[in-house]
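Single-structure report; data block below.
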Amino acid sequence: MISFETPEMVDQVRNMLHGMVNNIVRPIARYYDDHEHERAKELDAFAPIMQAGMGGGGRKGAKKEKKEIKATDDRIGANAISVAGAEEMAWGDVGLMLAMPGGGLGNAAVDAVATDEQYERFGKKYCAMAITEPGCGSDASAVTATAVLDGDEYIINGEKIFVTDGERCEAVVVWATLDKSKGRAAIKSFVVEKGTPGFRVEKLEHKCGIRASDTATLVFEDCRIPKTNILGDPEIRPEGGFKGVMATFDATRPLVAAMALGCAQAAFDFTKETLAKEGIIPRYDRGTLELTAVERDLLWMEAQLEVIRLMVIRAGWMADNGRPNNLEASMVKAKAGKYGNLIVQKCVEILGPIGYSREYLLEKWMRDNKVNDIYEGTQQIQMIVVARRILDYGRDMLS
Amino acid sequence: MSTFSLDEDQRQIQESMRRFAADKMRPIARDCEEKAAIPDEFLTDSWALGIAPNMIPEQFGGYASAHSVLNNAIMAEELAYGDLALAAAVMAPYLFVLPILEMGSEAQKEKYLPTFCGDTYTAGSLAVMEHAVGFDVNNIKTTAKKKGKSYIINGGKCLVPLANKAPYFIVAATTAVGGGAAAIEAFIVNKSAKGVTIGEKEKQMGLNALDTFSVDFKDCEVAGENRLAGLDYNRLIACSRIALASSAVGVAAAARDYCINYAKERVTFGQPIATRQTIAFMLADMAIEIDGARLLNWKAAWTADQGDNPLRLGYLAKVYAAEQSFKAADYGISILGGHGLIREHPVEMWFRNARAFAMLEGLIMA
């Protein structure tokens, strides 16, 4: 049955996080934007509370339970909570959200594919995700980092860039190929812990936005890790070895969409409040000729935000209820990435000097939100995924 | 709890309407458009779907348990997927039935509702729109002046569907020009009442098959008992907007599906055009926006079913769906190229039809 009632549990998480980010995160957001690469220690106390609120880490509702789920309708799972939580956190601040200790992107991969033994070792660690290289980004199948089995160890060699949390994490999930000649099926992910000889942080990027979050270049030189650190199937299976690593995206793309939404909602709320002080309040009961241009903009933004939120919730609902959501995850990532940015940019435009001034956070949100349309698959990559799905095309027909 | 799956009733509605759209609407849609007429046989067939008795409670001759805006939104989308003009004709009776059902007095329900529970198509209509630049549904110019126990209606309406066939229609008129929604009243008017003039069939850019008329009122006296006593004008308009938004999604989805098939078959430079990103991304964009428009409209419909005020969401859903529908049809023409403009393909018709949503109010109710 179609229903749009927000579950009480989700409401509670939203309210709790909304209040917390408003009181703790917003006040320090400007400082850490100005002081790039400085660690936000205020978050240390906040992070565990936040993670508990969002369901106590990602394993809940992940691998084990998933097998039991048979396309149900009304299961409120980890995804419903995490997308709502991500939206509220990003409403607070996207950069600081990413800098929150313990909640790295690598954890999503560990949650999704780790064995019980691996989960025991890495589940509680702060894991970053290293996919992009100087020579490849969206084309993840082109990774050149290598992993060579040598006795009980893999030897990792290569360079990874744009690794979110790369400096502050405790471990990193690295994509590397077991055999370059075997194509995408040979690409596997490996957990490399900080302090492993041969693994170093080469440099930190200076960025347009999300400056509170560290973005690192990592170098692996004859870095030896236990054989048991490979995530998922260690065999090269041409019929679908890549799908395992790609499946993580079905869970993370709705999250990034939720972040783009949260940031856009923040901009919209600020703009609406600022305009209200000037007596400008959008009306829903006027003819088109009577509406002002700014009212039309506000109504347009409001509709977009509603649409994005519903698509985010739906993608999470599908994941929680055992329904494949590859199409819907990419749909909402494309939609939220693009329109989340257009909304913030429009807000900056509407508020003029107030939008542009660093006295307020709005200009920062415009810079922060841009990345949400790029990482976890760019706008264009999402469009390829959506198009292939609706056309029933494979990679050979559309790339 | 948020859920997005159709229940058994909704699935049945969707399936039966989808089948009807494919079997009975698509095959005749272009011919109806060219002839600017809908055969009576089609209307009879549509009556067999049993939509009216499904809306009308048992005590008034039907077998409905409850009226669901959401279920009807699902119905409207599928019918419009078949053809918008035919869909509007199928749903025209509900322009009359639903306001009485939701907002009429017991006497009005008893008098009018049973007539829609018979075996033959019975038309009804609603006169809201007026021939004015940027028509504003809350600022109508047709007036109703109280005179004793009656009202005197003066003014002119346009885009009144099936006014030729409908014995009665509901007319929106204001008791104080400029008084907004609060001043607006609705009256059940007998077509043959003194002072009512039905004009010539209107000629529009699209929707040619649908008979719409201008209707003029000159000192038309309506008994006080014909006033819709329980009128909630904002809700009436919001529900109509939800039905219009559903229809807009239906038209857009028709364009999307037609273009997907076309783009996979049409070969240029040795490859189907769907393999080119320029085309594929347009199709993806259509799919994303149609999906989003549908979700927003479902939420508006669900809100109306909860008894909450659907004014805001109904407005947003309709504006959003109208824009996306026209964009989808416009993209459709571009994807078909020159063929998109040729009347052998339905896309140019959808392009003309979809343009209507941005200005329409009240033409469809479900």
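Each chain of the structure tokens is named A, B, ... in the order shown, its residues numbered from 1; ligands are numbered from 1 in display order.
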Taking a cut-off of 8 Å and counting only C-alpha atoms, can you build a table that, for each residue of chain A near chain B, reports the nearest atom pair and how far apart they are in Å (one decimal), sorted by chain then residue number, as CSV?
```
residue,atom,partner,partner_atom,distance
A:Met1,CA,B:Asp7,CA,4.4
A:Ile2,CA,B:Phe4,CA,4.8
A:Ser3,CA,B:Ser2,CA,5.0
A:Phe4,CA,B:Ser2,CA,4.5
A:Glu5,CA,B:Met1,CA,4.8
A:Thr6,CA,B:Met1,CA,5.2
A:Pro7,CA,B:Met1,CA,4.6
A:Asp73,CA,B:Thr3,CA,6.2
A:Asp74,CA,B:Thr3,CA,6.3
A:Ile76,CA,B:Met1,CA,7.6
A:Tyr284,CA,B:Arg312,CA,5.9
A:Asp285,CA,B:Asn138,CA,7.0
A:Arg286,CA,B:Asp136,CA,6.8
A:Gly287,CA,B:Asp136,CA,4.3
A:Thr288,CA,B:Gly134,CA,6.4
A:Leu289,CA,B:Gly134,CA,5.9
A:Leu299,CA,B:Leu316,CA,7.2
A:Trp300,CA,B:Tyr320,CA,7.9
A:Glu302,CA,B:Leu316,CA,7.9
A:Ala303,CA,B:Leu316,CA,5.5
A:Glu306,CA,B:Leu296,CA,6.8
A:Val307,CA,B:Gly292,CA,5.3
A:Ile308,CA,B:Gly292,CA,7.3
A:Leu310,CA,B:Leu295,CA,6.5
A:Met311,CA,B:Gly292,CA,6.7
A:Ile313,CA,B:Ser2,CA,7.8
A:Arg314,CA,B:Phe4,CA,6.8
A:Trp317,CA,B:Thr3,CA,7.1
A:Met331,CA,B:Ile288,CA,5.7
A:Val332,CA,B:Ile288,CA,7.7
A:Lys335,CA,B:Ile288,CA,7.2
A:Met383,CA,B:Phe281,CA,5.9
A:Ile384,CA,B:Phe281,CA,7.1
A:Val386,CA,B:Ala284,CA,5.6
A:Ala387,CA,B:Ala284,CA,4.9
A:Ile390,CA,B:Ala284,CA,7.4
A:Leu391,CA,B:Ile260,CA,6.6
A:Met397,CA,B:Thr275,CA,5.7
A:Leu398,CA,B:Thr275,CA,5.1
A:Ser399,CA,B:Gln277,CA,7.8
```
Export, as a compact mmCIF listing (two decimals), in the first residue's frame, the selected residues with C-alpha atoms.
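File produced: selection-v8.txt:
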```txt
# COMPACT_ATOMS: atom_id res chain seq x y z
CA MET A 1 0.00 0.00 0.00
CA ILE A 2 1.32 3.41 -0.93
CA SER A 3 1.89 5.54 2.13
CA PHE A 4 3.87 8.65 2.93
CA GLU A 5 3.67 8.51 6.66
CA THR A 6 7.07 9.06 8.23
CA PRO A 7 7.90 6.25 10.67
CA ASP A 73 6.62 -3.60 1.85
CA ASP A 74 6.79 -2.24 5.31
CA ILE A 76 11.86 0.06 8.31
CA TYR A 284 0.30 28.65 -3.27
CA ASP A 285 -3.03 30.12 -4.20
CA ARG A 286 -2.20 32.77 -6.77
CA GLY A 287 -2.46 32.82 -10.53
CA THR A 288 0.72 32.76 -12.55
CA LEU A 289 0.43 36.43 -13.47
CA LEU A 299 7.97 27.28 -5.39
CA TRP A 300 10.16 25.65 -8.00
CA GLU A 302 10.18 23.54 -2.97
CA ALA A 303 8.80 21.14 -5.56
CA GLU A 306 9.95 17.35 -2.30
CA VAL A 307 10.65 15.26 -5.39
CA ILE A 308 14.26 14.57 -4.40
CA LEU A 310 10.65 11.18 -2.06
CA MET A 311 13.13 9.60 -4.46
CA ILE A 313 13.23 7.71 0.72
CA ARG A 314 12.04 5.35 -1.99
CA TRP A 317 12.84 1.76 1.26
CA MET A 331 18.04 8.10 -10.65
CA VAL A 332 18.04 9.92 -7.36
CA LYS A 335 18.46 14.14 -9.76
CA MET A 383 22.74 9.04 -16.58
CA ILE A 384 24.55 6.15 -18.27
CA VAL A 386 19.75 5.00 -15.88
CA ALA A 387 19.81 4.95 -19.67
CA ILE A 390 15.56 1.77 -19.27
CA LEU A 391 16.93 0.75 -22.65
CA MET A 397 25.66 -0.77 -26.43
CA LEU A 398 26.09 2.36 -24.35
CA SER A 399 29.18 3.74 -22.69
```
DSSP on the backbone, then: every residue of region 17-222 of chain A marked strand (DSSP E), written as a ChimeraX atom specification. /A:127-130,146-150,153-164,171-177,187-193,199-204,215-222
Write to file, as a compact mmCIF listing (two decimals), in the first residue's frame, the residues of the selection just made, with C-alpha atoms.
```
# COMPACT_ATOMS: atom_id res chain seq x y z
CA CYS A 127 37.49 3.07 6.96
CA ALA A 128 38.09 5.27 3.95
CA MET A 129 37.57 4.18 0.35
CA ALA A 130 40.31 4.44 -2.28
CA THR A 146 48.00 -4.05 -8.31
CA ALA A 147 47.65 -6.77 -5.72
CA VAL A 148 49.92 -9.77 -6.07
CA LEU A 149 49.54 -12.85 -3.92
CA ASP A 150 52.77 -13.90 -2.28
CA GLU A 153 50.14 -11.97 1.84
CA TYR A 154 49.02 -9.65 -0.93
CA ILE A 155 51.53 -7.05 -2.08
CA ILE A 156 49.80 -3.79 -2.99
CA ASN A 157 51.39 -1.26 -5.33
CA GLY A 158 49.90 1.93 -6.75
CA GLU A 159 48.70 5.46 -6.09
CA LYS A 160 45.21 6.56 -5.07
CA ILE A 161 43.90 10.11 -5.14
CA PHE A 162 40.82 11.96 -3.85
CA VAL A 163 40.50 9.63 -0.88
CA THR A 164 37.95 11.16 1.48
CA ALA A 171 42.04 1.70 7.53
CA VAL A 172 41.35 2.09 3.85
CA VAL A 173 39.49 -0.09 1.37
CA VAL A 174 41.66 -0.12 -1.76
CA TRP A 175 40.57 -1.17 -5.20
CA ALA A 176 43.34 -3.03 -7.01
CA THR A 177 43.63 -5.54 -9.80
CA ILE A 187 39.40 -5.91 -9.64
CA LYS A 188 39.03 -6.60 -5.94
CA SER A 189 38.95 -4.54 -2.81
CA PHE A 190 41.45 -4.91 0.02
CA VAL A 191 41.57 -3.53 3.52
CA VAL A 192 44.88 -1.86 4.32
CA GLU A 193 45.34 -0.67 7.88
CA PHE A 199 51.50 2.66 2.90
CA ARG A 200 51.78 6.42 3.29
CA VAL A 201 49.72 9.56 2.92
CA GLU A 202 51.44 11.53 0.18
CA LYS A 203 49.54 14.83 0.33
CA LEU A 204 46.27 16.57 1.16
CA THR A 215 41.01 14.50 0.81
CA ALA A 216 44.25 12.60 0.48
CA THR A 217 46.64 11.05 -1.99
CA LEU A 218 47.75 7.62 -0.80
CA VAL A 219 50.77 5.73 -2.01
CA PHE A 220 51.31 1.99 -1.70
CA GLU A 221 54.83 0.68 -2.31
CA ASP A 222 55.29 -3.05 -1.85
```
Name all residues at most 10 Å from Ile153 (chain B) (count only C-alpha atoms; drop same-chain ones fewer than 5 positions away) and give them as a CSV table (one decimal) with N, CA and C atoms, in the first residue's frame.
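New file selection-v3.csv:
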```csv
chain,number,residue,atom,x,y,z
B,142,THR,N,-17.0,35.3,-13.0
B,142,THR,CA,-18.4,34.9,-13.1
B,142,THR,C,-19.0,35.1,-11.7
B,143,THR,N,-20.1,35.8,-11.7
B,143,THR,CA,-20.7,36.2,-10.4
B,143,THR,C,-22.0,35.5,-10.0
B,144,ALA,N,-22.2,35.3,-8.7
B,144,ALA,CA,-23.4,34.8,-8.2
B,144,ALA,C,-24.0,35.8,-7.2
B,145,LYS,N,-25.1,36.3,-7.5
B,145,LYS,CA,-25.7,37.3,-6.6
B,145,LYS,C,-26.9,36.7,-5.9
B,146,LYS,N,-27.0,36.9,-4.6
B,146,LYS,CA,-28.1,36.3,-3.9
B,146,LYS,C,-29.4,37.1,-4.2
B,171,VAL,N,-21.1,24.9,-11.7
B,171,VAL,CA,-20.5,26.1,-12.1
B,171,VAL,C,-19.9,26.8,-10.9
B,172,ALA,N,-18.6,27.3,-11.0
B,172,ALA,CA,-18.0,28.0,-10.0
B,172,ALA,C,-18.2,29.5,-10.2
B,173,ALA,N,-18.7,30.2,-9.2
B,173,ALA,CA,-19.0,31.7,-9.4
B,173,ALA,C,-18.6,32.4,-8.0
B,174,THR,N,-18.3,33.6,-8.1
B,174,THR,CA,-17.9,34.3,-6.9
B,174,THR,C,-19.1,35.2,-6.4
B,175,THR,N,-19.2,35.3,-5.1
B,175,THR,CA,-20.2,36.2,-4.6
B,175,THR,C,-19.6,37.6,-4.3
B,187,PHE,N,-22.5,25.9,-8.0
B,187,PHE,CA,-23.9,25.6,-8.1
B,187,PHE,C,-24.1,24.5,-9.2
B,189,VAL,N,-26.1,23.4,-12.1
B,189,VAL,CA,-27.0,24.2,-13.0
B,189,VAL,C,-27.5,23.2,-14.1
B,195,GLY,N,-31.2,31.4,-19.5
B,195,GLY,CA,-30.0,32.2,-19.3
B,195,GLY,C,-28.7,31.5,-19.6
B,196,VAL,N,-28.8,30.2,-19.9
B,196,VAL,CA,-27.6,29.4,-20.2
B,196,VAL,C,-27.5,29.2,-21.7
B,216,ASP,N,-22.1,30.5,-21.5
B,216,ASP,CA,-22.4,31.8,-21.0
B,216,ASP,C,-23.7,31.8,-20.1
B,217,PHE,N,-23.6,32.7,-19.1
B,217,PHE,CA,-24.7,32.8,-18.2
B,217,PHE,C,-25.2,34.2,-18.2
B,218,LYS,N,-26.5,34.4,-18.5
B,218,LYS,CA,-27.0,35.8,-18.5
B,218,LYS,C,-28.2,35.8,-17.5
B,219,ASP,N,-28.1,36.4,-16.4
B,219,ASP,CA,-29.1,36.4,-15.4
B,219,ASP,C,-29.8,35.1,-15.2
B,220,CYS,N,-28.9,34.1,-15.1
B,220,CYS,CA,-29.4,32.7,-14.9
B,220,CYS,C,-29.7,32.5,-13.4
B,221,GLU,N,-31.0,32.2,-13.2
B,221,GLU,CA,-31.4,32.0,-11.8
B,221,GLU,C,-31.3,30.6,-11.4
B,222,VAL,N,-30.6,30.4,-10.2
B,222,VAL,CA,-30.4,29.0,-9.7
B,222,VAL,C,-31.0,28.9,-8.3
```
